[in-house]
Amino acid sequence: MSKVSFRCTMQEGQIDEATRERLADGLRQVTKGVLGESPDDIPVSFSDIPSGFGFRGGEPSTTSLVNGSIGGGVTQDVREELMRGICDMWMEISGCTVDELVVSARDA
Amino acid sequence: MPFYRCVVPKDSVSYDQRAAVAKAFTDIHCGNTGAPRSFVHVVFDEADDRWETPFFLDGGNRAGRSEEVKAELLNDLMSAFREITGVAEADFSGRITEGPASWTMEGGMVLPEPGEETAEWYEHDLQGQAAAGG
């Protein structure tokens, strides 16, 4: 069973397939750099929230959600390093702003 | 965070109703907790999840609030949902689960624990609303 996995949820039509592949690779590389996990052992899944079904602050949402699960847990410093690395990578590849991304790294 | 997922049967809730529920949930959450509006996420999911009722509210919040606040929040949210959608009380149930705030980064900042929010956090929310034209 994988120690680390990611489930990414995006608003429909916002991120194309090619960009998703780059984001998945980015998630694996950031995780390898912070946690030392082999990229081959990090499952990444994507799903869409249909248009008109996602809201933020009471308005239609443009936010992506990246939910990470970390088996065995990590210190808070390592967790923050991982989340910040994911934020930076995601914004660079997707072109979203810092306000359009929520990243979590939960103990499994 | 918070993240409110409304599981609903297919084609049972119109866009106008979804938008009204999202606004009501944001008003209620912020009114009960003082959290910034831009941190409130509401999603509708026409999934085939098996819950005890056809309509289900699955909420996720930062841990650390009192049982009284949590109970009042859930009650207010569910009342608003029923009022807007017309769903019968018997067909709707819900829960709010909690997790450590420190496990989530939003707006480039690790979320503060409830009651430990800084002025910077609220300022960030105002900037986000201004950027969005709100």
# chains A, B, ... in the order shown; residues from 1 in each chain; ligands from 1

call {"tool": "residues_around", "arguments": {"residues": "Pro43 of chain A", "least_positions_apart": "6", "cutoff": "9 Å", "atoms": "only C-alpha atoms", "output": "list in words"}}
result
Ser2, Val4, Ser5, Phe6, Arg7, Ala24 and Arg28 of chain A

call {"tool": "write_last_selection", "arguments": {"atoms": "all heavy atoms", "output": "compact mmCIF listing (two decimals), in the first residue's frame"}}
result
# COMPACT_ATOMS: atom_id res chain seq x y z
N SER A 2 0.49 2.25 -0.78
CA SER A 2 1.28 3.47 -0.88
C SER A 2 1.27 4.25 0.42
O SER A 2 0.25 4.33 1.10
CB SER A 2 0.74 4.35 -2.00
OG SER A 2 0.80 3.69 -3.22
N VAL A 4 1.99 7.54 0.51
CA VAL A 4 1.46 8.86 0.20
C VAL A 4 0.56 8.77 -1.04
O VAL A 4 0.89 8.08 -2.00
CB VAL A 4 2.60 9.87 -0.08
CG1 VAL A 4 2.05 11.25 -0.34
CG2 VAL A 4 3.59 9.89 1.07
N SER A 5 -0.57 9.47 -1.00
CA SER A 5 -1.44 9.53 -2.18
C SER A 5 -2.09 10.91 -2.25
O SER A 5 -2.16 11.62 -1.23
CB SER A 5 -2.52 8.43 -2.12
OG SER A 5 -3.34 8.62 -0.99
N PHE A 6 -2.55 11.26 -3.44
CA PHE A 6 -3.18 12.56 -3.63
C PHE A 6 -4.50 12.40 -4.39
O PHE A 6 -4.58 11.62 -5.34
CB PHE A 6 -2.27 13.51 -4.42
CG PHE A 6 -1.04 13.92 -3.68
CD1 PHE A 6 0.17 13.28 -3.89
CD2 PHE A 6 -1.10 14.95 -2.74
CE1 PHE A 6 1.30 13.65 -3.19
CE2 PHE A 6 0.03 15.32 -2.03
CZ PHE A 6 1.24 14.67 -2.26
N ARG A 7 -5.49 13.15 -3.94
CA ARG A 7 -6.79 13.22 -4.63
C ARG A 7 -7.03 14.69 -4.95
O ARG A 7 -7.14 15.53 -4.06
CB ARG A 7 -7.88 12.66 -3.70
CG ARG A 7 -9.24 12.55 -4.32
CD ARG A 7 -10.14 11.67 -3.45
NE ARG A 7 -10.02 11.97 -2.01
CZ ARG A 7 -10.70 12.93 -1.40
NH1 ARG A 7 -11.54 13.68 -2.07
NH2 ARG A 7 -10.54 13.14 -0.11
N ALA A 24 0.34 16.03 -11.93
CA ALA A 24 0.56 14.75 -11.25
C ALA A 24 2.05 14.49 -11.11
O ALA A 24 2.53 14.07 -10.03
CB ALA A 24 -0.11 13.63 -12.04
N ARG A 28 4.35 14.30 -7.59
CA ARG A 28 5.27 13.19 -7.27
C ARG A 28 6.69 13.70 -7.02
O ARG A 28 7.38 13.24 -6.11
CB ARG A 28 5.25 12.17 -8.41
CG ARG A 28 3.89 11.46 -8.55
CD ARG A 28 3.93 10.36 -9.61
NE ARG A 28 2.67 9.65 -9.63
CZ ARG A 28 1.75 9.77 -10.61
NH1 ARG A 28 1.97 10.58 -11.62
NH2 ARG A 28 0.62 9.10 -10.55

call {"tool": "interface_residues", "arguments": {"of": "chain A", "to": "chain B", "cutoff": "9 Å", "atoms": "only C-alpha atoms", "output": "ChimeraX atom specification"}}
result
/A:49-50,52-61,67,76,79-80,83-84,87-88,97-107

call {"tool": "write_last_selection", "arguments": {"atoms": "N, CA and C atoms", "output": "JSON list (two decimals), in the first residue's frame"}}
result
[["chain", "number", "residue", "atom", "x", "y", "z"],
["A", 49, "ILE", "N", -15.56, 18.94, -10.37],
["A", 49, "ILE", "CA", -16.85, 19.39, -9.86],
["A", 49, "ILE", "C", -17.57, 20.04, -11.04],
["A", 50, "PRO", "N", -18.74, 19.53, -11.43],
["A", 50, "PRO", "CA", -19.43, 20.08, -12.60],
["A", 50, "PRO", "C", -19.69, 21.58, -12.45],
["A", 52, "GLY", "N", -21.37, 24.92, -11.98],
["A", 52, "GLY", "CA", -22.61, 25.24, -11.27],
["A", 52, "GLY", "C", -22.83, 24.44, -10.01],
["A", 53, "PHE", "N", -21.86, 23.58, -9.68],
["A", 53, "PHE", "CA", -22.01, 22.74, -8.48],
["A", 53, "PHE", "C", -20.98, 23.08, -7.40],
["A", 54, "GLY", "N", -20.04, 23.99, -7.69],
["A", 54, "GLY", "CA", -19.04, 24.33, -6.70],
["A", 54, "GLY", "C", -19.05, 25.82, -6.39],
["A", 55, "PHE", "N", -19.03, 26.17, -5.12],
["A", 55, "PHE", "CA", -19.11, 27.56, -4.69],
["A", 55, "PHE", "C", -18.05, 27.84, -3.63],
["A", 56, "ARG", "N", -17.60, 29.07, -3.62],
["A", 56, "ARG", "CA", -16.66, 29.52, -2.58],
["A", 56, "ARG", "C", -17.08, 30.92, -2.16],
["A", 57, "GLY", "N", -17.24, 31.12, -0.87],
["A", 57, "GLY", "CA", -17.70, 32.42, -0.39],
["A", 57, "GLY", "C", -19.07, 32.80, -0.92],
["A", 58, "GLY", "N", -19.86, 31.79, -1.29],
["A", 58, "GLY", "CA", -21.21, 32.04, -1.80],
["A", 58, "GLY", "C", -21.26, 32.36, -3.28],
["A", 59, "GLU", "N", -20.12, 32.30, -3.96],
["A", 59, "GLU", "CA", -20.05, 32.59, -5.39],
["A", 59, "GLU", "C", -19.48, 31.38, -6.12],
["A", 60, "PRO", "N", -19.70, 31.29, -7.45],
["A", 60, "PRO", "CA", -19.11, 30.17, -8.20],
["A", 60, "PRO", "C", -17.61, 30.08, -7.97],
["A", 61, "SER", "N", -17.14, 28.88, -7.77],
["A", 61, "SER", "CA", -15.75, 28.67, -7.37],
["A", 61, "SER", "C", -14.84, 28.41, -8.56],
["A", 67, "ASN", "N", -5.90, 17.10, -1.98],
["A", 67, "ASN", "CA", -5.95, 16.40, -0.70],
["A", 67, "ASN", "C", -4.89, 15.32, -0.66],
["A", 76, "GLN", "N", 5.06, 18.78, 11.79],
["A", 76, "GLN", "CA", 4.38, 19.92, 11.18],
["A", 76, "GLN", "C", 5.31, 20.69, 10.25],
["A", 79, "ARG", "N", 5.31, 18.82, 7.05],
["A", 79, "ARG", "CA", 3.99, 18.96, 6.43],
["A", 79, "ARG", "C", 3.89, 20.32, 5.71],
["A", 80, "GLU", "N", 4.34, 21.36, 6.40],
["A", 80, "GLU", "CA", 4.26, 22.70, 5.79],
["A", 80, "GLU", "C", 5.18, 22.81, 4.58],
["A", 83, "MET", "N", 3.31, 21.10, 1.77],
["A", 83, "MET", "CA", 2.16, 21.88, 1.27],
["A", 83, "MET", "C", 2.63, 23.11, 0.50],
["A", 84, "ARG", "N", 3.67, 23.76, 1.00],
["A", 84, "ARG", "CA", 4.16, 24.96, 0.31],
["A", 84, "ARG", "C", 4.78, 24.59, -1.04],
["A", 87, "CYS", "N", 1.93, 24.00, -3.37],
["A", 87, "CYS", "CA", 1.31, 25.29, -3.76],
["A", 87, "CYS", "C", 2.13, 25.96, -4.86],
["A", 88, "ASP", "N", 3.43, 26.06, -4.64],
["A", 88, "ASP", "CA", 4.30, 26.75, -5.61],
["A", 88, "ASP", "C", 4.26, 26.03, -6.96],
["A", 97, "THR", "N", -4.00, 31.45, -9.15],
["A", 97, "THR", "CA", -3.49, 32.32, -8.09],
["A", 97, "THR", "C", -3.46, 31.55, -6.77],
["A", 98, "VAL", "N", -2.81, 32.15, -5.79],
["A", 98, "VAL", "CA", -2.71, 31.51, -4.48],
["A", 98, "VAL", "C", -4.10, 31.37, -3.83],
["A", 99, "ASP", "N", -5.04, 32.22, -4.26],
["A", 99, "ASP", "CA", -6.39, 32.17, -3.69],
["A", 99, "ASP", "C", -7.28, 31.14, -4.39],
["A", 100, "GLU", "N", -6.72, 30.45, -5.38],
["A", 100, "GLU", "CA", -7.51, 29.46, -6.11],
["A", 100, "GLU", "C", -7.03, 28.03, -5.81],
["A", 101, "LEU", "N", -6.42, 27.86, -4.66],
["A", 101, "LEU", "CA", -5.86, 26.54, -4.35],
["A", 101, "LEU", "C", -5.94, 26.27, -2.85],
["A", 102, "VAL", "N", -6.43, 25.09, -2.52],
["A", 102, "VAL", "CA", -6.42, 24.60, -1.15],
["A", 102, "VAL", "C", -5.64, 23.29, -1.15],
["A", 103, "VAL", "N", -4.64, 23.21, -0.29],
["A", 103, "VAL", "CA", -3.82, 21.99, -0.20],
["A", 103, "VAL", "C", -3.91, 21.45, 1.23],
["A", 104, "SER", "N", -4.17, 20.17, 1.33],
["A", 104, "SER", "CA", -4.13, 19.56, 2.65],
["A", 104, "SER", "C", -3.18, 18.37, 2.62],
["A", 105, "ALA", "N", -2.55, 18.12, 3.74],
["A", 105, "ALA", "CA", -1.65, 16.98, 3.89],
["A", 105, "ALA", "C", -2.00, 16.34, 5.23],
["A", 106, "ARG", "N", -2.82, 15.32, 5.14],
["A", 106, "ARG", "CA", -3.39, 14.71, 6.35],
["A", 106, "ARG", "C", -2.67, 13.41, 6.70],
["A", 107, "ASP", "N", -2.57, 13.14, 7.98],
["A", 107, "ASP", "CA", -2.08, 11.83, 8.40],
["A", 107, "ASP", "C", -3.11, 10.79, 8.00]]

call {"tool": "residues_around", "arguments": {"residues": "Glu117 of chain B", "least_positions_apart": "5", "cutoff": "10 Å", "atoms": "only C-alpha atoms", "output": "mmCIF file with C-alpha atoms, in the first residue's frame"}}
result
data_model
loop_
_atom_site.group_PDB
_atom_site.id
_atom_site.type_symbol
_atom_site.label_atom_id
_atom_site.label_comp_id
_atom_site.auth_asym_id
_atom_site.auth_seq_id
_atom_site.Cartn_x
_atom_site.Cartn_y
_atom_site.Cartn_z
ATOM 1 C CA GLY B 34 -16.447 34.592 12.512
ATOM 2 C CA ALA B 35 -14.480 32.885 9.731
ATOM 3 C CA PRO B 36 -13.722 34.848 6.532
ATOM 4 C CA LEU B 111 -4.961 27.652 8.543
ATOM 5 C CA PRO B 112 -5.015 28.990 12.093
ATOM 6 C CA TYR B 122 -8.717 38.495 7.783
#

call {"tool": "residues_around", "arguments": {"residues": "Ile15 of chain A", "least_positions_apart": "3", "cutoff": "10 Å", "atoms": "only C-alpha atoms", "output": "ChimeraX atom specification"}}
result
/A:10-12,18-20,23,48,64,94-96

call {"tool": "select_by_dssp", "arguments": {"residues": "chain B", "states": "strand (DSSP E)", "output": "ChimeraX atom specification"}}
result
/B:3-7,41-45,55-62,92-99,104-106,109-110

call {"tool": "closest_residue", "arguments": {"among": "A:Val34, A:Leu65, A:Met91, A:Leu82", "to": "Ser47 of chain A", "atoms": "only C-alpha atoms"}}
result
A:Leu65

call {"tool": "atom_distance", "arguments": {"atom1": "atom CA of Phe46 of chain A", "atom2": "atom CA of Arg50 of chain B"}}
result
22.0 Å

call {"tool": "residues_around", "arguments": {"residues": "segment 72-84 of chain B", "least_positions_apart": "3", "cutoff": "9 Å", "atoms": "only C-alpha atoms", "output": "JSON, numbers by chain"}}
result
{"B": [17, 18, 20, 21, 24, 25, 28, 29, 32, 33, 57, 59, 67, 68, 69, 87, 88, 89, 92, 93, 94, 95, 96]}

call {"tool": "decode", "arguments": {"residues": "segment 11-42 of chain B", "atoms": "N, CA, C and O atoms", "output": "PDB file, in the first residue's frame"}}
result
ATOM      1  N   ASP B  11     -30.584  15.789 -10.386  1.00  0.00           N
ATOM      2  CA  ASP B  11     -31.578  16.754 -10.867  1.00  0.00           C
ATOM      3  C   ASP B  11     -32.609  17.170  -9.804  1.00  0.00           C
ATOM      4  O   ASP B  11     -33.710  17.614 -10.138  1.00  0.00           O
ATOM      5  N   SER B  12     -32.249  17.025  -8.546  1.00  0.00           N
ATOM      6  CA  SER B  12     -33.203  17.339  -7.481  1.00  0.00           C
ATOM      7  C   SER B  12     -33.104  18.775  -6.978  1.00  0.00           C
ATOM      8  O   SER B  12     -34.032  19.286  -6.356  1.00  0.00           O
ATOM      9  N   VAL B  13     -31.968  19.428  -7.222  1.00  0.00           N
ATOM     10  CA  VAL B  13     -31.750  20.791  -6.720  1.00  0.00           C
ATOM     11  C   VAL B  13     -31.307  21.667  -7.891  1.00  0.00           C
ATOM     12  O   VAL B  13     -30.292  21.384  -8.529  1.00  0.00           O
ATOM     13  N   SER B  14     -32.065  22.717  -8.186  1.00  0.00           N
ATOM     14  CA  SER B  14     -31.765  23.586  -9.329  1.00  0.00           C
ATOM     15  C   SER B  14     -30.531  24.452  -9.067  1.00  0.00           C
ATOM     16  O   SER B  14     -30.089  24.591  -7.918  1.00  0.00           O
ATOM     17  N   TYR B  15     -30.017  25.071 -10.140  1.00  0.00           N
ATOM     18  CA  TYR B  15     -28.866  25.959  -9.953  1.00  0.00           C
ATOM     19  C   TYR B  15     -29.204  27.103  -8.992  1.00  0.00           C
ATOM     20  O   TYR B  15     -28.412  27.434  -8.104  1.00  0.00           O
ATOM     21  N   ASP B  16     -30.361  27.706  -9.177  1.00  0.00           N
ATOM     22  CA  ASP B  16     -30.733  28.821  -8.295  1.00  0.00           C
ATOM     23  C   ASP B  16     -30.785  28.384  -6.836  1.00  0.00           C
ATOM     24  O   ASP B  16     -30.379  29.126  -5.934  1.00  0.00           O
ATOM     25  N   GLN B  17     -31.300  27.190  -6.615  1.00  0.00           N
ATOM     26  CA  GLN B  17     -31.346  26.678  -5.235  1.00  0.00           C
ATOM     27  C   GLN B  17     -29.935  26.395  -4.725  1.00  0.00           C
ATOM     28  O   GLN B  17     -29.616  26.706  -3.563  1.00  0.00           O
ATOM     29  N   ARG B  18     -29.088  25.835  -5.576  1.00  0.00           N
ATOM     30  CA  ARG B  18     -27.705  25.556  -5.147  1.00  0.00           C
ATOM     31  C   ARG B  18     -26.993  26.867  -4.789  1.00  0.00           C
ATOM     32  O   ARG B  18     -26.286  26.941  -3.773  1.00  0.00           O
ATOM     33  N   ALA B  19     -27.174  27.879  -5.631  1.00  0.00           N
ATOM     34  CA  ALA B  19     -26.524  29.166  -5.359  1.00  0.00           C
ATOM     35  C   ALA B  19     -27.052  29.785  -4.064  1.00  0.00           C
ATOM     36  O   ALA B  19     -26.288  30.365  -3.280  1.00  0.00           O
ATOM     37  N   ALA B  20     -28.357  29.633  -3.833  1.00  0.00           N
ATOM     38  CA  ALA B  20     -28.949  30.191  -2.609  1.00  0.00           C
ATOM     39  C   ALA B  20     -28.452  29.448  -1.375  1.00  0.00           C
ATOM     40  O   ALA B  20     -28.166  30.059  -0.329  1.00  0.00           O
ATOM     41  N   VAL B  21     -28.347  28.110  -1.489  1.00  0.00           N
ATOM     42  CA  VAL B  21     -27.830  27.321  -0.359  1.00  0.00           C
ATOM     43  C   VAL B  21     -26.377  27.710  -0.082  1.00  0.00           C
ATOM     44  O   VAL B  21     -25.978  27.889   1.080  1.00  0.00           O
ATOM     45  N   ALA B  22     -25.581  27.864  -1.133  1.00  0.00           N
ATOM     46  CA  ALA B  22     -24.167  28.217  -0.947  1.00  0.00           C
ATOM     47  C   ALA B  22     -24.032  29.564  -0.238  1.00  0.00           C
ATOM     48  O   ALA B  22     -23.191  29.726   0.659  1.00  0.00           O
ATOM     49  N   LYS B  23     -24.856  30.522  -0.631  1.00  0.00           N
ATOM     50  CA  LYS B  23     -24.795  31.834   0.022  1.00  0.00           C
ATOM     51  C   LYS B  23     -25.260  31.736   1.475  1.00  0.00           C
ATOM     52  O   LYS B  23     -24.649  32.322   2.376  1.00  0.00           O
ATOM     53  N   ALA B  24     -26.343  30.982   1.682  1.00  0.00           N
ATOM     54  CA  ALA B  24     -26.858  30.832   3.056  1.00  0.00           C
ATOM     55  C   ALA B  24     -25.840  30.132   3.948  1.00  0.00           C
ATOM     56  O   ALA B  24     -25.616  30.548   5.102  1.00  0.00           O
ATOM     57  N   PHE B  25     -25.211  29.076   3.432  1.00  0.00           N
ATOM     58  CA  PHE B  25     -24.211  28.357   4.229  1.00  0.00           C
ATOM     59  C   PHE B  25     -23.047  29.287   4.586  1.00  0.00           C
ATOM     60  O   PHE B  25     -22.508  29.242   5.690  1.00  0.00           O
ATOM     61  N   THR B  26     -22.641  30.107   3.624  1.00  0.00           N
ATOM     62  CA  THR B  26     -21.534  31.044   3.876  1.00  0.00           C
ATOM     63  C   THR B  26     -21.937  32.052   4.959  1.00  0.00           C
ATOM     64  O   THR B  26     -21.166  32.317   5.890  1.00  0.00           O
ATOM     65  N   ASP B  27     -23.155  32.592   4.826  1.00  0.00           N
ATOM     66  CA  ASP B  27     -23.642  33.549   5.836  1.00  0.00           C
ATOM     67  C   ASP B  27     -23.680  32.904   7.219  1.00  0.00           C
ATOM     68  O   ASP B  27     -23.257  33.491   8.219  1.00  0.00           O
ATOM     69  N   ILE B  28     -24.225  31.688   7.256  1.00  0.00           N
ATOM     70  CA  ILE B  28     -24.390  30.996   8.552  1.00  0.00           C
ATOM     71  C   ILE B  28     -23.038  30.643   9.154  1.00  0.00           C
ATOM     72  O   ILE B  28     -22.788  30.886  10.343  1.00  0.00           O
ATOM     73  N   HIS B  29     -22.170  30.069   8.350  1.00  0.00           N
ATOM     74  CA  HIS B  29     -20.872  29.661   8.895  1.00  0.00           C
ATOM     75  C   HIS B  29     -20.108  30.865   9.446  1.00  0.00           C
ATOM     76  O   HIS B  29     -19.580  30.822  10.553  1.00  0.00           O
ATOM     77  N   CYS B  30     -20.083  31.926   8.647  1.00  0.00           N
ATOM     78  CA  CYS B  30     -19.328  33.110   9.081  1.00  0.00           C
ATOM     79  C   CYS B  30     -20.005  33.786  10.277  1.00  0.00           C
ATOM     80  O   CYS B  30     -19.323  34.299  11.163  1.00  0.00           O
ATOM     81  N   GLY B  31     -21.341  33.761  10.283  1.00  0.00           N
ATOM     82  CA  GLY B  31     -22.057  34.346  11.413  1.00  0.00           C
ATOM     83  C   GLY B  31     -21.825  33.586  12.705  1.00  0.00           C
ATOM     84  O   GLY B  31     -21.729  34.188  13.781  1.00  0.00           O
ATOM     85  N   ASN B  32     -21.736  32.265  12.601  1.00  0.00           N
ATOM     86  CA  ASN B  32     -21.565  31.439  13.806  1.00  0.00           C
ATOM     87  C   ASN B  32     -20.121  31.382  14.285  1.00  0.00           C
ATOM     88  O   ASN B  32     -19.869  31.202  15.486  1.00  0.00           O
ATOM     89  N   THR B  33     -19.178  31.484  13.353  1.00  0.00           N
ATOM     90  CA  THR B  33     -17.783  31.238  13.730  1.00  0.00           C
ATOM     91  C   THR B  33     -16.877  32.454  13.569  1.00  0.00           C
ATOM     92  O   THR B  33     -15.770  32.459  14.101  1.00  0.00           O
ATOM     93  N   GLY B  34     -17.305  33.434  12.763  1.00  0.00           N
ATOM     94  CA  GLY B  34     -16.447  34.592  12.512  1.00  0.00           C
ATOM     95  C   GLY B  34     -15.406  34.356  11.434  1.00  0.00           C
ATOM     96  O   GLY B  34     -14.558  35.213  11.194  1.00  0.00           O
ATOM     97  N   ALA B  35     -15.475  33.200  10.768  1.00  0.00           N
ATOM     98  CA  ALA B  35     -14.480  32.885   9.731  1.00  0.00           C
ATOM     99  C   ALA B  35     -14.675  33.790   8.510  1.00  0.00           C
ATOM    100  O   ALA B  35     -15.792  34.234   8.235  1.00  0.00           O
ATOM    101  N   PRO B  36     -13.605  34.052   7.762  1.00  0.00           N
ATOM    102  CA  PRO B  36     -13.722  34.848   6.532  1.00  0.00           C
ATOM    103  C   PRO B  36     -14.585  34.132   5.494  1.00  0.00           C
ATOM    104  O   PRO B  36     -14.528  32.908   5.361  1.00  0.00           O
ATOM    105  N   ARG B  37     -15.335  34.895   4.722  1.00  0.00           N
ATOM    106  CA  ARG B  37     -16.270  34.312   3.752  1.00  0.00           C
ATOM    107  C   ARG B  37     -15.564  33.488   2.672  1.00  0.00           C
ATOM    108  O   ARG B  37     -16.054  32.455   2.254  1.00  0.00           O
ATOM    109  N   SER B  38     -14.419  33.982   2.217  1.00  0.00           N
ATOM    110  CA  SER B  38     -13.773  33.322   1.078  1.00  0.00           C
ATOM    111  C   SER B  38     -13.219  31.940   1.431  1.00  0.00           C
ATOM    112  O   SER B  38     -12.747  31.223   0.546  1.00  0.00           O
ATOM    113  N   PHE B  39     -13.258  31.572   2.691  1.00  0.00           N
ATOM    114  CA  PHE B  39     -12.756  30.263   3.073  1.00  0.00           C
ATOM    115  C   PHE B  39     -13.871  29.213   3.127  1.00  0.00           C
ATOM    116  O   PHE B  39     -13.607  28.061   3.441  1.00  0.00           O
ATOM    117  N   VAL B  40     -15.108  29.618   2.817  1.00  0.00           N
ATOM    118  CA  VAL B  40     -16.240  28.688   2.910  1.00  0.00           C
ATOM    119  C   VAL B  40     -16.491  28.051   1.536  1.00  0.00           C
ATOM    120  O   VAL B  40     -16.823  28.743   0.574  1.00  0.00           O
ATOM    121  N   HIS B  41     -16.337  26.742   1.472  1.00  0.00           N
ATOM    122  CA  HIS B  41     -16.546  25.991   0.231  1.00  0.00           C
ATOM    123  C   HIS B  41     -17.826  25.170   0.348  1.00  0.00           C
ATOM    124  O   HIS B  41     -18.045  24.499   1.359  1.00  0.00           O
ATOM    125  N   VAL B  42     -18.651  25.242  -0.688  1.00  0.00           N
ATOM    126  CA  VAL B  42     -19.882  24.445  -0.731  1.00  0.00           C
ATOM    127  C   VAL B  42     -19.924  23.731  -2.082  1.00  0.00           C
ATOM    128  O   VAL B  42     -19.805  24.370  -3.132  1.00  0.00           O
TER     129      VAL B  42
END
